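Enquirer: Coordinates in run.cif, mmCIF, N, CA and C atoms and all ligand atoms, are listed below.
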```
data_query
loop_
_atom_site.group_PDB
_atom_site.id
_atom_site.type_symbol
_atom_site.label_atom_id
_atom_site.label_comp_id
_atom_site.auth_asym_id
_atom_site.auth_seq_id
_atom_site.Cartn_x
_atom_site.Cartn_y
_atom_site.Cartn_z
ATOM 1 N N MET A 237 -37.015 132.094 58.172
ATOM 2 C CA MET A 237 -36.432 133.416 58.267
ATOM 3 C C MET A 237 -37.163 134.210 59.348
ATOM 4 N N ASN A 238 -36.378 134.835 60.222
ATOM 5 C CA ASN A 238 -36.958 135.694 61.238
ATOM 6 C C ASN A 238 -37.350 137.036 60.637
ATOM 7 N N THR A 239 -38.311 137.676 61.266
ATOM 8 C CA THR A 239 -38.683 139.018 60.827
ATOM 9 C C THR A 239 -37.540 139.971 61.159
ATOM 10 N N PRO A 240 -37.070 140.744 60.156
ATOM 11 C CA PRO A 240 -35.950 141.648 60.435
ATOM 12 C C PRO A 240 -36.368 142.790 61.349
ATOM 13 N N ASN A 241 -35.408 143.284 62.122
ATOM 14 C CA ASN A 241 -35.649 144.485 62.922
ATOM 15 C C ASN A 241 -35.758 145.716 62.033
ATOM 16 N N HIS A 242 -34.972 145.687 60.957
ATOM 17 C CA HIS A 242 -34.977 146.774 59.988
ATOM 18 C C HIS A 242 -35.011 146.164 58.597
ATOM 19 N N HIS A 243 -36.087 146.418 57.883
ATOM 20 C CA HIS A 243 -36.169 145.989 56.484
ATOM 21 C C HIS A 243 -36.078 147.260 55.662
ATOM 22 N N LEU A 244 -34.938 147.443 55.002
ATOM 23 C CA LEU A 244 -34.664 148.685 54.288
ATOM 24 C C LEU A 244 -35.078 148.552 52.828
ATOM 25 N N LEU A 245 -35.996 149.422 52.425
ATOM 26 C CA LEU A 245 -36.472 149.442 51.050
ATOM 27 C C LEU A 245 -35.739 150.567 50.329
ATOM 28 N N VAL A 246 -34.879 150.202 49.412
ATOM 29 C CA VAL A 246 -34.067 151.180 48.685
ATOM 30 C C VAL A 246 -34.708 151.442 47.332
ATOM 31 N N CYS A 247 -34.996 152.706 47.044
ATOM 32 C CA CYS A 247 -35.639 153.024 45.771
ATOM 33 C C CYS A 247 -34.686 152.747 44.619
ATOM 34 N N GLY A 248 -35.138 151.892 43.721
ATOM 35 C CA GLY A 248 -34.381 151.578 42.511
ATOM 36 C C GLY A 248 -34.958 152.254 41.292
ATOM 37 N N SER A 249 -35.957 153.099 41.501
ATOM 38 C CA SER A 249 -36.543 153.919 40.429
ATOM 39 C C SER A 249 -37.265 153.107 39.354
ATOM 40 N N PHE A 250 -37.619 151.876 39.628
ATOM 41 C CA PHE A 250 -38.297 151.076 38.617
ATOM 42 C C PHE A 250 -39.696 151.616 38.365
ATOM 43 N N ARG A 251 -40.063 151.683 37.101
ATOM 44 C CA ARG A 251 -41.410 152.039 36.720
ATOM 45 C C ARG A 251 -42.180 150.754 36.427
ATOM 46 N N ALA A 252 -43.489 150.884 36.197
ATOM 47 C CA ALA A 252 -44.334 149.707 36.001
ATOM 48 C C ALA A 252 -43.876 148.846 34.823
ATOM 49 N N ASN A 253 -43.276 149.465 33.818
ATOM 50 C CA ASN A 253 -42.822 148.683 32.669
ATOM 51 C C ASN A 253 -41.432 148.089 32.878
ATOM 52 N N GLY A 254 -40.870 148.264 34.060
ATOM 53 C CA GLY A 254 -39.582 147.668 34.375
ATOM 54 C C GLY A 254 -38.398 148.574 34.112
ATOM 55 N N GLU A 255 -38.640 149.702 33.432
ATOM 56 C CA GLU A 255 -37.541 150.627 33.168
ATOM 57 C C GLU A 255 -37.142 151.340 34.449
ATOM 58 N N ARG A 256 -35.865 151.676 34.528
ATOM 59 C CA ARG A 256 -35.391 152.483 35.643
ATOM 60 C C ARG A 256 -35.353 153.932 35.182
ATOM 61 N N GLN A 257 -36.142 154.744 35.825
ATOM 62 C CA GLN A 257 -36.151 156.175 35.547
ATOM 63 C C GLN A 257 -36.316 156.867 36.882
ATOM 64 N N GLY A 258 -35.951 158.122 36.893
ATOM 65 C CA GLY A 258 -36.187 158.864 38.127
ATOM 66 C C GLY A 258 -34.918 159.264 38.831
ATOM 67 N N VAL A 259 -35.108 160.115 39.803
ATOM 68 C CA VAL A 259 -33.998 160.767 40.488
ATOM 69 C C VAL A 259 -33.101 159.757 41.194
ATOM 70 N N CYS A 260 -33.679 158.805 41.867
ATOM 71 C CA CYS A 260 -32.854 157.884 42.658
ATOM 72 C C CYS A 260 -31.871 157.124 41.779
ATOM 73 N N PHE A 261 -32.350 156.633 40.646
ATOM 74 C CA PHE A 261 -31.458 155.915 39.733
ATOM 75 C C PHE A 261 -30.412 156.863 39.175
ATOM 76 N N LYS A 262 -30.839 158.063 38.787
ATOM 77 C CA LYS A 262 -29.897 159.044 38.224
ATOM 78 C C LYS A 262 -28.862 159.481 39.247
ATOM 79 N N LYS A 263 -29.205 159.424 40.511
ATOM 80 C CA LYS A 263 -28.249 159.765 41.576
ATOM 81 C C LYS A 263 -27.530 158.526 42.085
ATOM 82 N N ASP A 264 -27.537 157.477 41.255
ATOM 83 C CA ASP A 264 -26.698 156.297 41.495
ATOM 84 C C ASP A 264 -27.110 155.497 42.729
ATOM 85 N N SER A 265 -28.424 155.321 42.895
ATOM 86 C CA SER A 265 -28.890 154.563 44.054
ATOM 87 C C SER A 265 -28.400 153.116 44.036
ATOM 88 N N MET A 266 -28.066 152.586 42.855
ATOM 89 C CA MET A 266 -27.592 151.202 42.818
ATOM 90 C C MET A 266 -26.190 151.082 43.420
ATOM 91 N N SER A 267 -25.372 152.098 43.249
ATOM 92 C CA SER A 267 -24.064 152.086 43.927
ATOM 93 C C SER A 267 -24.242 152.222 45.429
ATOM 94 N N LEU A 268 -25.218 153.041 45.827
ATOM 95 C CA LEU A 268 -25.498 153.185 47.253
ATOM 96 C C LEU A 268 -26.018 151.873 47.831
ATOM 97 N N LEU A 269 -26.804 151.148 47.047
ATOM 98 C CA LEU A 269 -27.290 149.838 47.481
ATOM 99 C C LEU A 269 -26.115 148.907 47.778
ATOM 100 N N SER A 270 -25.153 148.899 46.873
ATOM 101 C CA SER A 270 -23.978 148.057 47.063
ATOM 102 C C SER A 270 -23.213 148.483 48.324
ATOM 103 N N TYR A 271 -23.062 149.783 48.503
ATOM 104 C CA TYR A 271 -22.373 150.287 49.702
ATOM 105 C C TYR A 271 -23.120 149.858 50.959
ATOM 106 N N LEU A 272 -24.439 149.990 50.928
ATOM 107 C CA LEU A 272 -25.268 149.617 52.083
ATOM 108 C C LEU A 272 -25.101 148.133 52.420
ATOM 109 N N GLN A 273 -25.185 147.290 51.402
ATOM 110 C CA GLN A 273 -25.064 145.847 51.650
ATOM 111 C C GLN A 273 -23.677 145.497 52.203
ATOM 112 N N ASN A 274 -22.648 146.128 51.652
ATOM 113 C CA ASN A 274 -21.289 145.863 52.137
ATOM 114 C C ASN A 274 -21.121 146.321 53.586
ATOM 115 N N GLU A 275 -21.675 147.485 53.913
ATOM 116 C CA GLU A 275 -21.568 147.989 55.284
ATOM 117 C C GLU A 275 -22.268 147.052 56.273
ATOM 118 N N ILE A 276 -23.440 146.567 55.893
ATOM 119 C CA ILE A 276 -24.176 145.655 56.777
ATOM 120 C C ILE A 276 -23.355 144.385 57.023
ATOM 121 N N GLN A 277 -22.727 143.887 55.951
ATOM 122 C CA GLN A 277 -21.887 142.686 56.093
ATOM 123 C C GLN A 277 -20.657 142.988 56.931
ATOM 124 N N ASP A 278 -19.988 144.105 56.625
ATOM 125 C CA ASP A 278 -18.755 144.446 57.350
ATOM 126 C C ASP A 278 -19.019 144.626 58.843
ATOM 127 N N ARG A 279 -20.191 145.183 59.151
ATOM 128 C CA ARG A 279 -20.536 145.424 60.562
ATOM 129 C C ARG A 279 -21.150 144.187 61.221
ATOM 130 N N MET A 280 -21.368 143.147 60.418
ATOM 131 C CA MET A 280 -21.962 141.892 60.894
ATOM 132 C C MET A 280 -23.275 142.161 61.629
ATOM 133 N N MET A 281 -24.119 142.973 61.004
ATOM 134 C CA MET A 281 -25.394 143.357 61.617
ATOM 135 C C MET A 281 -26.442 142.280 61.351
ATOM 136 N N ASP A 282 -27.021 141.767 62.418
ATOM 137 C CA ASP A 282 -28.129 140.824 62.301
ATOM 138 C C ASP A 282 -29.436 141.605 62.291
ATOM 139 N N GLY A 283 -30.428 141.068 61.607
ATOM 140 C CA GLY A 283 -31.750 141.665 61.658
ATOM 141 C C GLY A 283 -31.926 142.867 60.759
ATOM 142 N N VAL A 284 -30.991 143.086 59.834
ATOM 143 C CA VAL A 284 -31.124 144.178 58.871
ATOM 144 C C VAL A 284 -31.158 143.567 57.468
ATOM 145 N N GLU A 285 -32.272 143.720 56.791
ATOM 146 C CA GLU A 285 -32.440 143.179 55.440
ATOM 147 C C GLU A 285 -32.635 144.335 54.469
ATOM 148 N N VAL A 286 -32.273 144.106 53.222
ATOM 149 C CA VAL A 286 -32.339 145.149 52.198
ATOM 150 C C VAL A 286 -33.050 144.602 50.970
ATOM 151 N N CYS A 287 -33.899 145.411 50.372
ATOM 152 C CA CYS A 287 -34.445 145.062 49.063
ATOM 153 C C CYS A 287 -34.601 146.335 48.237
ATOM 154 N N VAL A 288 -34.717 146.154 46.938
ATOM 155 C CA VAL A 288 -34.837 147.266 46.001
ATOM 156 C C VAL A 288 -36.286 147.356 45.553
ATOM 157 N N THR A 289 -36.779 148.578 45.465
ATOM 158 C CA THR A 289 -38.188 148.778 45.115
ATOM 159 C C THR A 289 -38.330 149.606 43.841
ATOM 160 N N GLY A 290 -39.551 149.716 43.408
ATOM 161 C CA GLY A 290 -39.897 150.693 42.389
ATOM 162 C C GLY A 290 -39.907 152.078 43.015
ATOM 163 N N CYS A 291 -40.274 153.051 42.191
ATOM 164 C CA CYS A 291 -40.305 154.445 42.647
ATOM 165 C C CYS A 291 -41.182 154.564 43.896
ATOM 166 N N LEU A 292 -40.660 155.266 44.897
ATOM 167 C CA LEU A 292 -41.371 155.452 46.161
ATOM 168 C C LEU A 292 -42.124 156.781 46.195
ATOM 169 N N ASN A 293 -42.198 157.426 45.048
ATOM 170 C CA ASN A 293 -42.980 158.661 44.887
ATOM 171 C C ASN A 293 -42.499 159.813 45.758
ATOM 172 N N MET A 294 -41.190 159.846 45.958
ATOM 173 C CA MET A 294 -40.573 160.991 46.648
ATOM 174 C C MET A 294 -39.359 161.432 45.834
ATOM 175 N N CYS A 295 -39.526 161.431 44.517
ATOM 176 C CA CYS A 295 -38.387 161.561 43.599
ATOM 177 C C CYS A 295 -37.544 162.803 43.862
ATOM 178 N N THR A 296 -38.166 163.920 44.144
ATOM 179 C CA THR A 296 -37.378 165.145 44.297
ATOM 180 C C THR A 296 -36.485 165.098 45.523
ATOM 181 N N LYS A 297 -36.727 164.144 46.431
ATOM 182 C CA LYS A 297 -35.917 164.033 47.644
ATOM 183 C C LYS A 297 -34.959 162.851 47.589
ATOM 184 N N GLY A 298 -34.872 162.206 46.420
ATOM 185 C CA GLY A 298 -34.076 161.006 46.299
ATOM 186 C C GLY A 298 -32.586 161.236 46.422
ATOM 187 N N PRO A 299 -31.878 160.164 46.549
ATOM 188 C CA PRO A 299 -32.289 158.783 46.768
ATOM 189 C C PRO A 299 -33.008 158.592 48.118
ATOM 190 N N VAL A 300 -33.898 157.603 48.126
ATOM 191 C CA VAL A 300 -34.791 157.378 49.260
ATOM 192 C C VAL A 300 -34.633 155.953 49.801
ATOM 193 N N ILE A 301 -34.664 155.834 51.137
ATOM 194 C CA ILE A 301 -34.728 154.530 51.804
ATOM 195 C C ILE A 301 -35.849 154.600 52.832
ATOM 196 N N ILE A 302 -36.710 153.590 52.850
ATOM 197 C CA ILE A 302 -37.722 153.467 53.900
ATOM 198 C C ILE A 302 -37.374 152.266 54.768
ATOM 199 N N ASP A 303 -37.462 152.468 56.077
ATOM 200 C CA ASP A 303 -37.168 151.421 57.061
ATOM 201 C C ASP A 303 -38.476 150.893 57.620
ATOM 202 N N TYR A 304 -38.690 149.592 57.486
ATOM 203 C CA TYR A 304 -39.851 148.958 58.121
ATOM 204 C C TYR A 304 -39.372 148.004 59.184
ATOM 205 N N PRO A 305 -40.072 147.862 60.279
ATOM 206 C CA PRO A 305 -41.441 148.333 60.492
ATOM 207 C C PRO A 305 -41.565 149.752 61.039
ATOM 208 N N SER A 306 -40.463 150.459 61.280
ATOM 209 C CA SER A 306 -40.607 151.794 61.881
ATOM 210 C C SER A 306 -41.350 152.748 60.947
ATOM 211 N N GLY A 307 -41.171 152.578 59.640
ATOM 212 C CA GLY A 307 -41.767 153.502 58.683
ATOM 213 C C GLY A 307 -40.942 154.761 58.485
ATOM 214 N N ASN A 308 -39.790 154.833 59.155
ATOM 215 C CA ASN A 308 -38.934 156.003 58.973
ATOM 216 C C ASN A 308 -38.476 156.084 57.521
ATOM 217 N N THR A 309 -38.577 157.276 56.961
ATOM 218 C CA THR A 309 -38.183 157.504 55.576
ATOM 219 C C THR A 309 -36.973 158.427 55.559
ATOM 220 N N TYR A 310 -35.921 157.948 54.918
ATOM 221 C CA TYR A 310 -34.678 158.711 54.831
ATOM 222 C C TYR A 310 -34.517 159.207 53.405
ATOM 223 N N THR A 311 -34.123 160.474 53.255
ATOM 224 C CA THR A 311 -33.993 161.073 51.930
ATOM 225 C C THR A 311 -32.605 161.686 51.760
ATOM 226 N N GLY A 312 -32.296 161.998 50.511
ATOM 227 C CA GLY A 312 -30.985 162.580 50.216
ATOM 228 C C GLY A 312 -29.859 161.649 50.599
ATOM 229 N N ILE A 313 -30.057 160.375 50.308
ATOM 230 C CA ILE A 313 -29.115 159.356 50.770
ATOM 231 C C ILE A 313 -27.770 159.466 50.068
ATOM 232 N N THR A 314 -26.726 159.411 50.879
ATOM 233 C CA THR A 314 -25.331 159.360 50.429
ATOM 234 C C THR A 314 -24.650 158.255 51.237
ATOM 235 N N GLU A 315 -23.383 158.006 50.948
ATOM 236 C CA GLU A 315 -22.656 157.036 51.771
ATOM 237 C C GLU A 315 -22.576 157.519 53.222
ATOM 238 N N GLU A 316 -22.420 158.810 53.416
ATOM 239 C CA GLU A 316 -22.372 159.351 54.775
ATOM 240 C C GLU A 316 -23.709 159.140 55.488
ATOM 241 N N ALA A 317 -24.789 159.292 54.751
ATOM 242 C CA ALA A 317 -26.110 159.063 55.340
ATOM 243 C C ALA A 317 -26.278 157.603 55.735
ATOM 244 N N ILE A 318 -25.826 156.712 54.879
ATOM 245 C CA ILE A 318 -25.922 155.279 55.201
ATOM 246 C C ILE A 318 -25.128 154.969 56.462
ATOM 247 N N ASP A 319 -23.930 155.530 56.569
ATOM 248 C CA ASP A 319 -23.130 155.327 57.785
ATOM 249 C C ASP A 319 -23.903 155.810 59.013
ATOM 250 N N ALA A 320 -24.511 156.978 58.908
ATOM 251 C CA ALA A 320 -25.251 157.542 60.040
ATOM 252 C C ALA A 320 -26.471 156.688 60.393
ATOM 253 N N ILE A 321 -27.162 156.203 59.382
ATOM 254 C CA ILE A 321 -28.353 155.372 59.619
ATOM 255 C C ILE A 321 -27.951 154.072 60.319
ATOM 256 N N LEU A 322 -26.893 153.440 59.836
ATOM 257 C CA LEU A 322 -26.459 152.164 60.440
ATOM 258 C C LEU A 322 -25.867 152.399 61.825
ATOM 259 N N ASP A 323 -25.132 153.505 61.992
ATOM 260 C CA ASP A 323 -24.622 153.841 63.335
ATOM 261 C C ASP A 323 -25.794 153.963 64.312
ATOM 262 N N ALA A 324 -26.847 154.634 63.874
ATOM 263 C CA ALA A 324 -28.014 154.832 64.739
ATOM 264 C C ALA A 324 -28.676 153.492 65.067
ATOM 265 N N PHE A 325 -28.784 152.605 64.087
ATOM 266 C CA PHE A 325 -29.357 151.277 64.355
ATOM 267 C C PHE A 325 -28.558 150.584 65.454
ATOM 268 N N GLU A 326 -27.233 150.660 65.350
ATOM 269 C CA GLU A 326 -26.382 149.982 66.330
ATOM 270 C C GLU A 326 -26.536 150.603 67.723
ATOM 271 N N GLU A 327 -26.871 151.894 67.744
ATOM 272 C CA GLU A 327 -27.042 152.597 69.023
ATOM 273 C C GLU A 327 -28.481 152.550 69.526
ATOM 274 N N GLY A 328 -29.371 151.988 68.722
ATOM 275 C CA GLY A 328 -30.786 151.957 69.099
ATOM 276 C C GLY A 328 -31.462 153.308 68.970
ATOM 277 N N SER A 329 -30.941 154.132 68.064
ATOM 278 C CA SER A 329 -31.530 155.455 67.870
ATOM 279 C C SER A 329 -31.917 155.640 66.397
ATOM 280 N N VAL A 330 -32.177 156.869 66.019
ATOM 281 C CA VAL A 330 -32.609 157.185 64.657
ATOM 282 C C VAL A 330 -31.726 158.304 64.107
ATOM 283 N N ALA A 331 -31.303 158.166 62.861
ATOM 284 C CA ALA A 331 -30.487 159.202 62.204
ATOM 285 C C ALA A 331 -31.406 160.338 61.761
ATOM 286 N N THR A 332 -31.734 161.197 62.696
ATOM 287 C CA THR A 332 -32.751 162.222 62.445
ATOM 288 C C THR A 332 -32.338 163.225 61.367
ATOM 289 N N ASP A 333 -31.043 163.393 61.149
ATOM 290 C CA ASP A 333 -30.593 164.353 60.129
ATOM 291 C C ASP A 333 -31.065 163.975 58.735
ATOM 292 N N TYR A 334 -31.385 162.709 58.534
ATOM 293 C CA TYR A 334 -31.751 162.248 57.190
ATOM 294 C C TYR A 334 -33.220 161.867 57.070
ATOM 295 N N LEU A 335 -33.995 162.084 58.127
ATOM 296 C CA LEU A 335 -35.424 161.767 58.048
ATOM 297 C C LEU A 335 -36.128 162.727 57.104
ATOM 298 N N ALA A 336 -37.098 162.200 56.368
ATOM 299 C CA ALA A 336 -37.882 163.042 55.475
ATOM 300 C C ALA A 336 -38.633 164.078 56.289
ATOM 301 N N SER A 337 -38.680 165.279 55.750
ATOM 302 C CA SER A 337 -39.404 166.339 56.474
ATOM 303 C C SER A 337 -40.769 166.542 55.853
HETATM 304 S S1 LIG B 1 -37.264 157.471 41.733
HETATM 305 FE FE1 LIG B 1 -36.898 157.186 43.860
HETATM 306 S S2 LIG B 1 -38.643 158.038 44.800
HETATM 307 FE FE2 LIG B 1 -39.064 158.150 42.678
#
```
Mind turning the file's structure into structure tokens?
Expert:
Amino acid sequence: MNTPNHHLLVCGSFRANGERQGVCFKKDSMSLLSYLQNEIQDRMMDGVEVCVTGCLNMCTKGPVIIDYPSGNTYTGITEEAIDAILDAFEEGSVATDYLAS
């Protein structure tokens, strides 16, 4: 496996005991995960990988996605935000409207 250009860590709100709690889960981050994966497939984007994480400790700004290796953190994620983030990847830019402040 090649190192992805963008490895997107999507907060799944998992706590240490495995329970899902927190803002991201309550704001339906799992549906957003599905939307994100479908968009990546539909756009046939290479070099973009997705995984689900435990709480990223930015709960009040959730749902949250962190992009590695850039380290860019996106907050308040919606389907529109995902579209903007992926559009920016395709353009070689950054969706600054959704960057954590
Ligand atoms: S639940 Fe997503 S950052 Fe805490």
Enquirer: Residues of chain A that approach ligand LIG 1 (chain B) to 8 Å or less, counting only N, CA and C atoms and all ligand atoms: could you list each one with the shortest pair of atoms and its distance in Å to one decimal, rows by chain and increasing residue number, as a tab-separated table?
Expert:
```
residue	atom	partner	partner_atom	distance
A:Val246	C	B:LIG1	FE1	7.1
A:Cys247	CA	B:LIG1	FE1	4.7
A:Gly248	N	B:LIG1	FE1	5.6
A:Ser249	CA	B:LIG1	S1	3.9
A:Phe250	N	B:LIG1	S1	6.0
A:Arg251	N	B:LIG1	S1	7.9
A:Arg256	C	B:LIG1	S1	7.7
A:Gln257	C	B:LIG1	S1	5.0
A:Gly258	CA	B:LIG1	S1	4.0
A:Val259	N	B:LIG1	S1	3.9
A:Cys260	N	B:LIG1	S1	3.8
A:Phe261	N	B:LIG1	S1	5.1
A:Lys262	N	B:LIG1	S1	7.1
A:Thr289	C	B:LIG1	FE1	7.7
A:Gly290	C	B:LIG1	FE1	6.0
A:Cys291	CA	B:LIG1	FE2	3.9
A:Leu292	N	B:LIG1	S2	3.4
A:Asn293	N	B:LIG1	S2	3.6
A:Met294	N	B:LIG1	S2	3.3
A:Cys295	N	B:LIG1	S2	3.5
A:Thr296	N	B:LIG1	S2	5.9
A:Lys297	N	B:LIG1	S2	6.6
A:Gly298	CA	B:LIG1	FE1	5.3
A:Pro299	CA	B:LIG1	FE1	5.7
A:Val300	N	B:LIG1	FE1	5.2
A:Ile301	N	B:LIG1	FE1	7.7
```
Enquirer: Suppose a student applies the PyMOL selection byres (((chain A and resi 317 and name CA) around 12) and not hetatm and name CA) to this structure; what residues should they get, written as a PDB file with N, CA and C atoms, in the frame of the given file?
Expert:
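The result, stored in selection.pdb:
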```
ATOM      1  N   LEU A 268     -25.218 153.041  45.827  1.00  0.00           N
ATOM      2  CA  LEU A 268     -25.498 153.185  47.253  1.00  0.00           C
ATOM      3  C   LEU A 268     -26.018 151.873  47.831  1.00  0.00           C
ATOM      4  N   TYR A 271     -23.062 149.783  48.503  1.00  0.00           N
ATOM      5  CA  TYR A 271     -22.373 150.287  49.702  1.00  0.00           C
ATOM      6  C   TYR A 271     -23.120 149.858  50.959  1.00  0.00           C
ATOM      7  N   LEU A 272     -24.439 149.990  50.928  1.00  0.00           N
ATOM      8  CA  LEU A 272     -25.268 149.617  52.083  1.00  0.00           C
ATOM      9  C   LEU A 272     -25.101 148.133  52.420  1.00  0.00           C
ATOM     10  N   GLU A 275     -21.675 147.485  53.913  1.00  0.00           N
ATOM     11  CA  GLU A 275     -21.568 147.989  55.284  1.00  0.00           C
ATOM     12  C   GLU A 275     -22.268 147.052  56.273  1.00  0.00           C
ATOM     13  N   PRO A 299     -31.878 160.164  46.549  1.00  0.00           N
ATOM     14  CA  PRO A 299     -32.289 158.783  46.768  1.00  0.00           C
ATOM     15  C   PRO A 299     -33.008 158.592  48.118  1.00  0.00           C
ATOM     16  N   VAL A 300     -33.898 157.603  48.126  1.00  0.00           N
ATOM     17  CA  VAL A 300     -34.791 157.378  49.260  1.00  0.00           C
ATOM     18  C   VAL A 300     -34.633 155.953  49.801  1.00  0.00           C
ATOM     19  N   ILE A 301     -34.664 155.834  51.137  1.00  0.00           N
ATOM     20  CA  ILE A 301     -34.728 154.530  51.804  1.00  0.00           C
ATOM     21  C   ILE A 301     -35.849 154.600  52.832  1.00  0.00           C
ATOM     22  N   TYR A 310     -35.921 157.948  54.918  1.00  0.00           N
ATOM     23  CA  TYR A 310     -34.678 158.711  54.831  1.00  0.00           C
ATOM     24  C   TYR A 310     -34.517 159.207  53.405  1.00  0.00           C
ATOM     25  N   THR A 311     -34.123 160.474  53.255  1.00  0.00           N
ATOM     26  CA  THR A 311     -33.993 161.073  51.930  1.00  0.00           C
ATOM     27  C   THR A 311     -32.605 161.686  51.760  1.00  0.00           C
ATOM     28  N   GLY A 312     -32.296 161.998  50.511  1.00  0.00           N
ATOM     29  CA  GLY A 312     -30.985 162.580  50.216  1.00  0.00           C
ATOM     30  C   GLY A 312     -29.859 161.649  50.599  1.00  0.00           C
ATOM     31  N   ILE A 313     -30.057 160.375  50.308  1.00  0.00           N
ATOM     32  CA  ILE A 313     -29.115 159.356  50.770  1.00  0.00           C
ATOM     33  C   ILE A 313     -27.770 159.466  50.068  1.00  0.00           C
ATOM     34  N   THR A 314     -26.726 159.411  50.879  1.00  0.00           N
ATOM     35  CA  THR A 314     -25.331 159.360  50.429  1.00  0.00           C
ATOM     36  C   THR A 314     -24.650 158.255  51.237  1.00  0.00           C
ATOM     37  N   GLU A 315     -23.383 158.006  50.948  1.00  0.00           N
ATOM     38  CA  GLU A 315     -22.656 157.036  51.771  1.00  0.00           C
ATOM     39  C   GLU A 315     -22.576 157.519  53.222  1.00  0.00           C
ATOM     40  N   GLU A 316     -22.420 158.810  53.416  1.00  0.00           N
ATOM     41  CA  GLU A 316     -22.372 159.351  54.775  1.00  0.00           C
ATOM     42  C   GLU A 316     -23.709 159.140  55.488  1.00  0.00           C
ATOM     43  N   ILE A 318     -25.826 156.712  54.879  1.00  0.00           N
ATOM     44  CA  ILE A 318     -25.922 155.279  55.201  1.00  0.00           C
ATOM     45  C   ILE A 318     -25.128 154.969  56.462  1.00  0.00           C
ATOM     46  N   ASP A 319     -23.930 155.530  56.569  1.00  0.00           N
ATOM     47  CA  ASP A 319     -23.130 155.327  57.785  1.00  0.00           C
ATOM     48  C   ASP A 319     -23.903 155.810  59.013  1.00  0.00           C
ATOM     49  N   ALA A 320     -24.511 156.978  58.908  1.00  0.00           N
ATOM     50  CA  ALA A 320     -25.251 157.542  60.040  1.00  0.00           C
ATOM     51  C   ALA A 320     -26.471 156.688  60.393  1.00  0.00           C
ATOM     52  N   ILE A 321     -27.162 156.203  59.382  1.00  0.00           N
ATOM     53  CA  ILE A 321     -28.353 155.372  59.619  1.00  0.00           C
ATOM     54  C   ILE A 321     -27.951 154.072  60.319  1.00  0.00           C
ATOM     55  N   LEU A 322     -26.893 153.440  59.836  1.00  0.00           N
ATOM     56  CA  LEU A 322     -26.459 152.164  60.440  1.00  0.00           C
ATOM     57  C   LEU A 322     -25.867 152.399  61.825  1.00  0.00           C
ATOM     58  N   ASP A 323     -25.132 153.505  61.992  1.00  0.00           N
ATOM     59  CA  ASP A 323     -24.622 153.841  63.335  1.00  0.00           C
ATOM     60  C   ASP A 323     -25.794 153.963  64.312  1.00  0.00           C
ATOM     61  N   ALA A 324     -26.847 154.634  63.874  1.00  0.00           N
ATOM     62  CA  ALA A 324     -28.014 154.832  64.739  1.00  0.00           C
ATOM     63  C   ALA A 324     -28.676 153.492  65.067  1.00  0.00           C
ATOM     64  N   VAL A 330     -32.177 156.869  66.019  1.00  0.00           N
ATOM     65  CA  VAL A 330     -32.609 157.185  64.657  1.00  0.00           C
ATOM     66  C   VAL A 330     -31.726 158.304  64.107  1.00  0.00           C
ATOM     67  N   ALA A 331     -31.303 158.166  62.861  1.00  0.00           N
ATOM     68  CA  ALA A 331     -30.487 159.202  62.204  1.00  0.00           C
ATOM     69  C   ALA A 331     -31.406 160.338  61.761  1.00  0.00           C
ATOM     70  N   THR A 332     -31.734 161.197  62.696  1.00  0.00           N
ATOM     71  CA  THR A 332     -32.751 162.222  62.445  1.00  0.00           C
ATOM     72  C   THR A 332     -32.338 163.225  61.367  1.00  0.00           C
ATOM     73  N   ASP A 333     -31.043 163.393  61.149  1.00  0.00           N
ATOM     74  CA  ASP A 333     -30.593 164.353  60.129  1.00  0.00           C
ATOM     75  C   ASP A 333     -31.065 163.975  58.735  1.00  0.00           C
ATOM     76  N   TYR A 334     -31.385 162.709  58.534  1.00  0.00           N
ATOM     77  CA  TYR A 334     -31.751 162.248  57.190  1.00  0.00           C
ATOM     78  C   TYR A 334     -33.220 161.867  57.070  1.00  0.00           C
ATOM     79  N   LEU A 335     -33.995 162.084  58.127  1.00  0.00           N
ATOM     80  CA  LEU A 335     -35.424 161.767  58.048  1.00  0.00           C
ATOM     81  C   LEU A 335     -36.128 162.727  57.104  1.00  0.00           C
TER      82      LEU A 335
END
```
Enquirer: Calculate how many Å separate atom C of Asp282 in chain A from atom N of Asn241 in chain A, rounding to one decimal.
Expert: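 Those two atoms sit 6.2 Å apart.
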Enquirer: Using the chain letters and numbers from the file, which residues does the PyMOL selection byres (((chain A and resi 307 and name CA) around 12) and not hetatm and name CA) grab, as a PyMOL selection string?
Expert: chain A and resi 241-245+301-306+308-310+330+335-336
Enquirer: What is the CA of Ile276 in chain A-atom C of Asp264 in chain A distance in Å, reported with one decimal?
Expert: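 Atom-to-atom, CA of Ile276 in chain A and atom C of Asp264 in chain A are spaced 17.4 Å apart.
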Enquirer: Could you find all residues in chain A that DSSP calls strand (DSSP E or B) from the backbone, and write them as a PyMOL selection string?
Expert: chain A and resi 242-250+256+284-290+301-304+308-310+335
Enquirer: So how far away is CA of Met281 in chain A from CA of Phe325 in chain A, in Å?
Expert: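 About the pair CA of Phe325 in chain A and CA of Met281 in chain A: they are 9.3 Å apart.
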Enquirer: From a DSSP calculation on the backbone, collect every residue of range 240-280 of chain A in helix (DSSP H, G or I) and output the set as a PyMOL selection string.
Expert: chain A and resi 259-262+265-278
Enquirer: Kindly provide, as JSON, the centre and edge lengths (Å, one decimal) of an axis-aligned box around all atoms of range 289-302 of chain A given in the file, with 3 Å on each side.
Expert:
```
{"center_x": -37.4, "center_y": 156.9, "center_z": 48.5, "size_x": 17.1, "size_y": 22.6, "size_z": 18.6}
```
